[in-house]
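Data block below; observations after.
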Amino acid sequence: MSANDSPRAPQTTTHDSAFLRACRREPVPHTPVWFMRQAGRSLPEYLKVREGIPMLESCMRPELVTEITLQPVRRHKVDAAIYFSDIVVPLKAIGIDLDIKPGVGPVVADPVRTRADLDRLRDLTPEDVHYVTEAIGMLTAELGATPLIGFAGAPFTLASYLVEGGPSRNHEHTKALMYGDPQLWADLLDRLAEITSAFLKVQIEAGASAVQLFDSWVGALAPADYRRSVMPASAKVFDAVAGYGVPRIHFGVGTGELLGLMGEAGADVVGVDWRVPLDEAARRVGPGRALQGNLDPAVLFSTPEAVRAKTREVLDAAAGLDGHIFNLGHGVLPTTDPDALTRLVADVHEQTAR
Ligand code: CP3
């Protein structure tokens with residue numbers, strides 16, 4: 001597979017790809033599209049290669065990671081690949097006893113709640129994740145001009161899994177720690193910022209052309225708490241990788257009230273869920289940032305006509321933006337019809353061809 005096979009490929013280098021140009025807020029031949037959670041999920045070719053292999057183990061096999069990462073690029077002709085892994089992989093790599101339970105998510109055997117627990121979060125070295133370096137080397141060779149997005153979980157979202165011990169609706173243990181022992185909380189987020197920064201550096205040095213920080217659950221916080229207790233750690237991550245010059249994307253769900261602060265945290269691109277139209281999101285984020293989003297992933301369960309109409313709404317709201325990357329407002333839902341995604345990519349490309 002090579003991105004040069006694509007019928008719409010006047011792009012000759014990764015650097016000039018529509019995706020990276022949009023991240024840099026430069027003119028684009030068409031609005032670039034990719035989907036959070038495009039790798040894995042419902043693709044039959046994914047289910048086939050994953051058969052019998054537990055999720056975390058599959059993340060440690062470079063050939064398998066390469067194949068799964070390429071599958072949605074081949075099938076949907078998206079403008080970027082996202083590295084197949086999970087936000088808890090670096091935690092597993094430093095020896096945290098955790099597993100990803102199908103249909104549940106990450107489950108941590110001994111939750112992190114005391115100062116003594118903090119000592120279990122040691123530094124991440126490139127050797128801890130050598131399979132990531134190997135897989136990215138293989139991937140960039142296969143991808144041609146299609147950019148590869150590396151990613152990591154943001155300190156708050158990782159802390160939520162570590163402190164709760166698993167997925168959580170209300171984040172009660174996490175918030176109890178944040179409000180009850182602000183110093184321990186700050187130290188925990190700072191440790192996670194270092195681990196996350198190290199993990200992103202490995203991916204960039206191996207060849208990732210952009211990185212996304214997933215702060216999926218940060219929408220659970222009020223702005224004042226975000227500013228005081230979370231933003232410094234996320235900003236530290238963006239600072240740590242600023243020198244590479246690769247675009248940094250910052251995404252969370254339910255972040256309408258946080259968009260201004262997320263804009264301040266330091267990313268080049270801010271991801272927006274479906275609850276705030278992109279023109280309004282641009283006002284909240286402020287100038288100098290591209291936006292990524294924001295079709296409701298549930299819309300893909302509707303009729304092709306309805307999907308087209310909702311896509312048009314997103315594109316209209318994005319018309320005046322300085323840099324737009326089309327995406328869903330959150331990850332692809334597991335039972336999404338893959339053909340609906342393929343049609344969506346073609347539709348956005350067609351409607352925005354300049
Ligand atoms: O975007 C991609 O396609 C790349 C791969 C990717 C995965 N997880 C693979 C995965 C990415 C970017 C993630 C990020 C991730 N993981 C986030 C942030 C994104 C988001 O959706 O908000 C979060 C919160 C996690 C934690 C996690 N891991 C969850 C909530 C789940 C789903 C549990 C379930 O089965 O519903 C996982 C498991 C997971 N991560 C799977 C995949 C393909 C499913 C694995 C399986 O079922 O065996």
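Ordered as shown in the structure tokens, chains take letters A, B, and onward, while each chain numbers its residues from 1 and ligands are numbered from 1 in the order shown.
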Residues near Asp316 in chain A, anyone? I mean within 12 Å using only C-alpha atoms, not counting same-chain ones fewer than 2 positions away, as a ChimeraX atom specification.
/A:277-279,294,309-314,318-321,324,326,348,351-352
Write out the residues from the selection above, keeping N, CA, C and O atoms, as a tab-separated table (two decimals), in the first residue's frame.
chain	number	residue	atom	x	y	z
A	277	PRO	N	-20.71	23.75	18.07
A	277	PRO	CA	-20.40	23.94	16.64
A	277	PRO	C	-19.01	24.53	16.46
A	277	PRO	O	-18.54	25.30	17.31
A	278	LEU	N	-18.36	24.19	15.35
A	278	LEU	CA	-16.95	24.56	15.21
A	278	LEU	C	-16.72	26.07	15.14
A	278	LEU	O	-15.68	26.56	15.60
A	279	ASP	N	-17.69	26.84	14.60
A	279	ASP	CA	-17.47	28.29	14.57
A	279	ASP	C	-17.46	28.85	16.00
A	279	ASP	O	-16.62	29.68	16.36
A	294	ASN	N	-16.20	17.57	13.85
A	294	ASN	CA	-16.79	17.15	15.09
A	294	ASN	C	-18.17	16.53	14.87
A	294	ASN	O	-19.11	16.85	15.56
A	309	ALA	N	-26.28	15.33	5.37
A	309	ALA	CA	-26.78	16.63	5.84
A	309	ALA	C	-26.02	17.06	7.10
A	309	ALA	O	-25.63	18.23	7.23
A	310	LYS	N	-25.79	16.14	8.02
A	310	LYS	CA	-25.07	16.51	9.25
A	310	LYS	C	-23.59	16.83	8.94
A	310	LYS	O	-22.99	17.68	9.57
A	311	THR	N	-23.04	16.13	7.94
A	311	THR	CA	-21.66	16.42	7.52
A	311	THR	C	-21.58	17.83	6.95
A	311	THR	O	-20.65	18.59	7.24
A	312	ARG	N	-22.60	18.18	6.15
A	312	ARG	CA	-22.65	19.53	5.56
A	312	ARG	C	-22.68	20.58	6.67
A	312	ARG	O	-22.00	21.61	6.58
A	313	GLU	N	-23.45	20.30	7.73
A	313	GLU	CA	-23.52	21.26	8.85
A	313	GLU	C	-22.14	21.48	9.48
A	313	GLU	O	-21.77	22.60	9.80
A	314	VAL	N	-21.40	20.38	9.65
A	314	VAL	CA	-20.05	20.50	10.23
A	314	VAL	C	-19.17	21.33	9.31
A	314	VAL	O	-18.47	22.25	9.74
A	318	ALA	N	-17.39	25.02	9.78
A	318	ALA	CA	-15.92	25.09	9.70
A	318	ALA	C	-15.44	26.00	8.58
A	318	ALA	O	-14.23	26.24	8.47
A	319	ALA	N	-16.38	26.51	7.79
A	319	ALA	CA	-15.99	27.21	6.55
A	319	ALA	C	-15.03	28.38	6.80
A	319	ALA	O	-14.11	28.60	6.02
A	320	GLY	N	-15.23	29.11	7.89
A	320	GLY	CA	-14.38	30.28	8.13
A	320	GLY	C	-13.14	29.98	8.96
A	320	GLY	O	-12.39	30.89	9.32
A	321	LEU	N	-12.93	28.72	9.28
A	321	LEU	CA	-11.82	28.39	10.20
A	321	LEU	C	-10.47	28.52	9.51
A	321	LEU	O	-10.33	28.30	8.32
A	324	HIS	N	-8.83	23.26	9.48
A	324	HIS	CA	-9.84	22.31	9.95
A	324	HIS	C	-9.46	20.89	9.53
A	324	HIS	O	-9.20	20.64	8.35
A	326	PHE	N	-11.25	17.27	9.58
A	326	PHE	CA	-12.54	16.63	9.83
A	326	PHE	C	-12.32	15.34	10.62
A	326	PHE	O	-11.45	14.53	10.29
A	348	VAL	N	-16.57	14.09	2.33
A	348	VAL	CA	-15.85	15.29	2.79
A	348	VAL	C	-14.83	15.73	1.74
A	348	VAL	O	-14.71	16.92	1.43
A	351	GLN	N	-16.83	17.32	-1.18
A	351	GLN	CA	-17.46	18.61	-0.86
A	351	GLN	C	-16.45	19.72	-0.62
A	351	GLN	O	-16.82	20.88	-0.67
A	352	THR	N	-15.21	19.37	-0.32
A	352	THR	CA	-14.26	20.42	0.03
A	352	THR	C	-13.13	20.54	-0.99
A	352	THR	O	-12.19	21.33	-0.76
Contacts of chain A with ligand 1 up to 6 Å, shortest pair per row, only C-alpha atoms and all ligand atoms, as a Markdown table:
| residue | atom | partner | partner_atom_place_in_ligand_line | distance |
| --- | --- | --- | --- | --- |
| A:Met36 | CA | ligand 1 | 1 (O) | 4.3 |
| A:Arg37 | CA | ligand 1 | 1 (O) | 3.0 |
| A:Gln38 | CA | ligand 1 | 3 (O) | 4.0 |
| A:Ala39 | CA | ligand 1 | 3 (O) | 3.4 |
| A:Gly40 | CA | ligand 1 | 43 (C) | 4.3 |
| A:Arg41 | CA | ligand 1 | 43 (C) | 5.3 |
| A:Met55 | CA | ligand 1 | 48 (O) | 4.6 |
| A:Ile82 | CA | ligand 1 | 4 (C) | 5.4 |
| A:Tyr83 | CA | ligand 1 | 4 (C) | 5.6 |
| A:Phe84 | CA | ligand 1 | 5 (C) | 4.3 |
| A:Ser85 | CA | ligand 1 | 5 (C) | 4.9 |
| A:Asp86 | CA | ligand 1 | 8 (N) | 4.1 |
| A:Ile87 | CA | ligand 1 | 16 (N) | 4.9 |
| A:Ile100 | CA | ligand 1 | 38 (C) | 5.8 |
| A:Pro102 | CA | ligand 1 | 47 (O) | 4.1 |
| A:Gly103 | CA | ligand 1 | 35 (O) | 3.4 |
| A:Val104 | CA | ligand 1 | 33 (C) | 4.6 |
| A:Gly105 | CA | ligand 1 | 33 (C) | 3.5 |
| A:Pro106 | CA | ligand 1 | 28 (N) | 5.6 |
| A:Phe214 | CA | ligand 1 | 18 (C) | 5.2 |
| A:Ser216 | CA | ligand 1 | 22 (O) | 4.4 |
| A:Gly331 | CA | ligand 1 | 21 (O) | 4.9 |
Okay, now the selection with N, CA, C and O atoms, as a tab-separated table (two decimals), in the first residue's frame?
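Listed below is the output, selection35.tsv:
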chain	number	residue	atom	x	y	z
A	36	MET	N	-10.89	9.16	15.05
A	36	MET	CA	-10.40	8.59	16.30
A	36	MET	C	-10.99	7.18	16.41
A	36	MET	O	-12.16	6.96	16.09
A	37	ARG	N	-10.17	6.24	16.84
A	37	ARG	CA	-10.53	4.84	16.96
A	37	ARG	C	-10.86	4.21	15.60
A	37	ARG	O	-11.67	3.30	15.51
A	38	GLN	N	-10.21	4.70	14.53
A	38	GLN	CA	-10.44	4.10	13.21
A	38	GLN	C	-9.77	2.73	13.10
A	38	GLN	O	-10.18	1.88	12.32
A	39	ALA	N	-8.70	2.53	13.87
A	39	ALA	CA	-7.99	1.25	13.84
A	39	ALA	C	-8.65	0.33	14.85
A	39	ALA	O	-8.84	0.70	16.01
A	40	GLY	N	-9.00	-0.85	14.41
A	40	GLY	CA	-9.68	-1.75	15.33
A	40	GLY	C	-11.18	-1.57	15.23
A	40	GLY	O	-11.70	-1.20	14.20
A	41	ARG	N	-11.86	-1.79	16.34
A	41	ARG	CA	-13.30	-1.68	16.36
A	41	ARG	C	-13.95	-2.71	15.45
A	41	ARG	O	-13.63	-3.86	15.52
A	55	MET	N	-5.72	-7.86	23.75
A	55	MET	CA	-5.47	-6.49	23.28
A	55	MET	C	-4.04	-6.02	23.59
A	55	MET	O	-3.32	-5.56	22.70
A	82	ILE	N	-3.59	6.42	12.47
A	82	ILE	CA	-3.28	6.55	13.90
A	82	ILE	C	-2.67	5.23	14.36
A	82	ILE	O	-3.18	4.16	14.05
A	83	TYR	N	-1.58	5.38	15.07
A	83	TYR	CA	-0.82	4.24	15.56
A	83	TYR	C	-1.70	3.34	16.43
A	83	TYR	O	-2.36	3.82	17.36
A	84	PHE	N	-1.73	2.05	16.15
A	84	PHE	CA	-2.55	1.13	16.93
A	84	PHE	C	-1.88	0.79	18.26
A	84	PHE	O	-0.80	0.17	18.29
A	85	SER	N	-2.51	1.22	19.32
A	85	SER	CA	-1.99	0.99	20.67
A	85	SER	C	-3.12	1.29	21.64
A	85	SER	O	-4.28	1.25	21.25
A	86	ASP	N	-2.80	1.61	22.86
A	86	ASP	CA	-3.82	2.08	23.81
A	86	ASP	C	-3.17	3.04	24.78
A	86	ASP	O	-1.95	2.99	25.00
A	87	ILE	N	-3.99	3.89	25.41
A	87	ILE	CA	-3.42	4.88	26.33
A	87	ILE	C	-2.75	4.24	27.54
A	87	ILE	O	-1.90	4.86	28.16
A	100	ILE	N	-6.63	-4.93	29.74
A	100	ILE	CA	-7.76	-4.32	29.05
A	100	ILE	C	-8.81	-5.42	28.88
A	100	ILE	O	-8.58	-6.40	28.19
A	102	PRO	N	-12.16	-6.88	27.44
A	102	PRO	CA	-13.06	-6.61	26.31
A	102	PRO	C	-14.43	-6.12	26.77
A	102	PRO	O	-15.01	-6.69	27.69
A	103	GLY	N	-14.91	-5.07	26.17
A	103	GLY	CA	-16.22	-4.53	26.50
A	103	GLY	C	-16.23	-3.71	27.78
A	103	GLY	O	-17.25	-3.13	28.14
A	104	VAL	N	-15.11	-3.64	28.49
A	104	VAL	CA	-15.03	-2.89	29.75
A	104	VAL	C	-14.03	-1.75	29.61
A	104	VAL	O	-14.35	-0.58	29.77
A	105	GLY	N	-12.78	-2.11	29.27
A	105	GLY	CA	-11.72	-1.11	29.18
A	105	GLY	C	-10.60	-1.47	30.14
A	105	GLY	O	-10.54	-2.60	30.63
A	106	PRO	N	-9.69	-0.52	30.41
A	106	PRO	CA	-8.54	-0.81	31.26
A	106	PRO	C	-8.95	-1.05	32.72
A	106	PRO	O	-9.75	-0.31	33.27
A	214	PHE	N	-4.91	12.42	24.30
A	214	PHE	CA	-6.31	12.10	24.58
A	214	PHE	C	-6.61	12.40	26.04
A	214	PHE	O	-6.16	11.68	26.93
A	216	SER	N	-9.69	12.20	27.36
A	216	SER	CA	-11.09	11.83	27.10
A	216	SER	C	-12.05	12.22	28.23
A	216	SER	O	-13.16	12.62	27.97
A	331	GLY	N	-14.59	8.81	19.47
A	331	GLY	CA	-14.16	7.67	18.67
A	331	GLY	C	-15.29	6.99	17.91
A	331	GLY	O	-16.46	7.09	18.29
With only C-alpha atoms as the counted atoms, please give the residues lying no more than 9 Å from Pro247 in chain A, apart from itself and same-chain residues fewer than 2 positions off, as a PyMOL selection string.
chain A and resi 20+23-24+209-212+242+244-245+249+267-269
DSSP alpha helix (DSSP H) selection over range 206-350 of chain A, as an NGL selection string:
:A and (206 or 223-229 or 231-240 or 259-264 or 278-285 or 304-318 or 338-350)
As a ChimeraX atom specification, please: the residues near Val88 in chain A (cut-off 12 Å, only C-alpha atoms, same-chain neighbours under 5 positions excluded).
/A:55-56,59,93-100,105-108,151-155,157-162,166,192,195-196,199,214
Using only C-alpha atoms, determine which residues lie at most 10 Å from Gln183 in chain A, disregarding the query and same-chain residues fewer than 6 positions distant; provide the list as a ChimeraX atom specification.
/A:115,177,189,229
May I have all residues of range 203-314 of chain A that DSSP, computed from the backbone, assigns to strand (DSSP E or B), given as a VMD selection string?
chain A and resid 210 to 215 248 to 252 269 to 271 290 to 295
Contacts of Ala346 in chain A within 9 Å, only C-alpha atoms, excl. fewer than 6 positions in-chain, as a list in words:
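In the requested format, the answer is His76, Lys77 and Val78 of chain A.
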Produce a file of the selected residues containing N, CA and C atoms, as an mmCIF file, in the first residue's frame.
data_model
loop_
_atom_site.group_PDB
_atom_site.id
_atom_site.type_symbol
_atom_site.label_atom_id
_atom_site.label_comp_id
_atom_site.auth_asym_id
_atom_site.auth_seq_id
_atom_site.Cartn_x
_atom_site.Cartn_y
_atom_site.Cartn_z
ATOM 1 N N HIS A 76 -10.603 3.063 3.926
ATOM 2 C CA HIS A 76 -11.376 4.310 3.889
ATOM 3 C C HIS A 76 -10.689 5.441 3.146
ATOM 4 N N LYS A 77 -9.406 5.309 2.826
ATOM 5 C CA LYS A 77 -8.642 6.401 2.205
ATOM 6 C C LYS A 77 -8.613 7.654 3.097
ATOM 7 N N VAL A 78 -8.470 7.417 4.397
ATOM 8 C CA VAL A 78 -8.329 8.548 5.317
ATOM 9 C C VAL A 78 -6.994 9.248 5.070
#
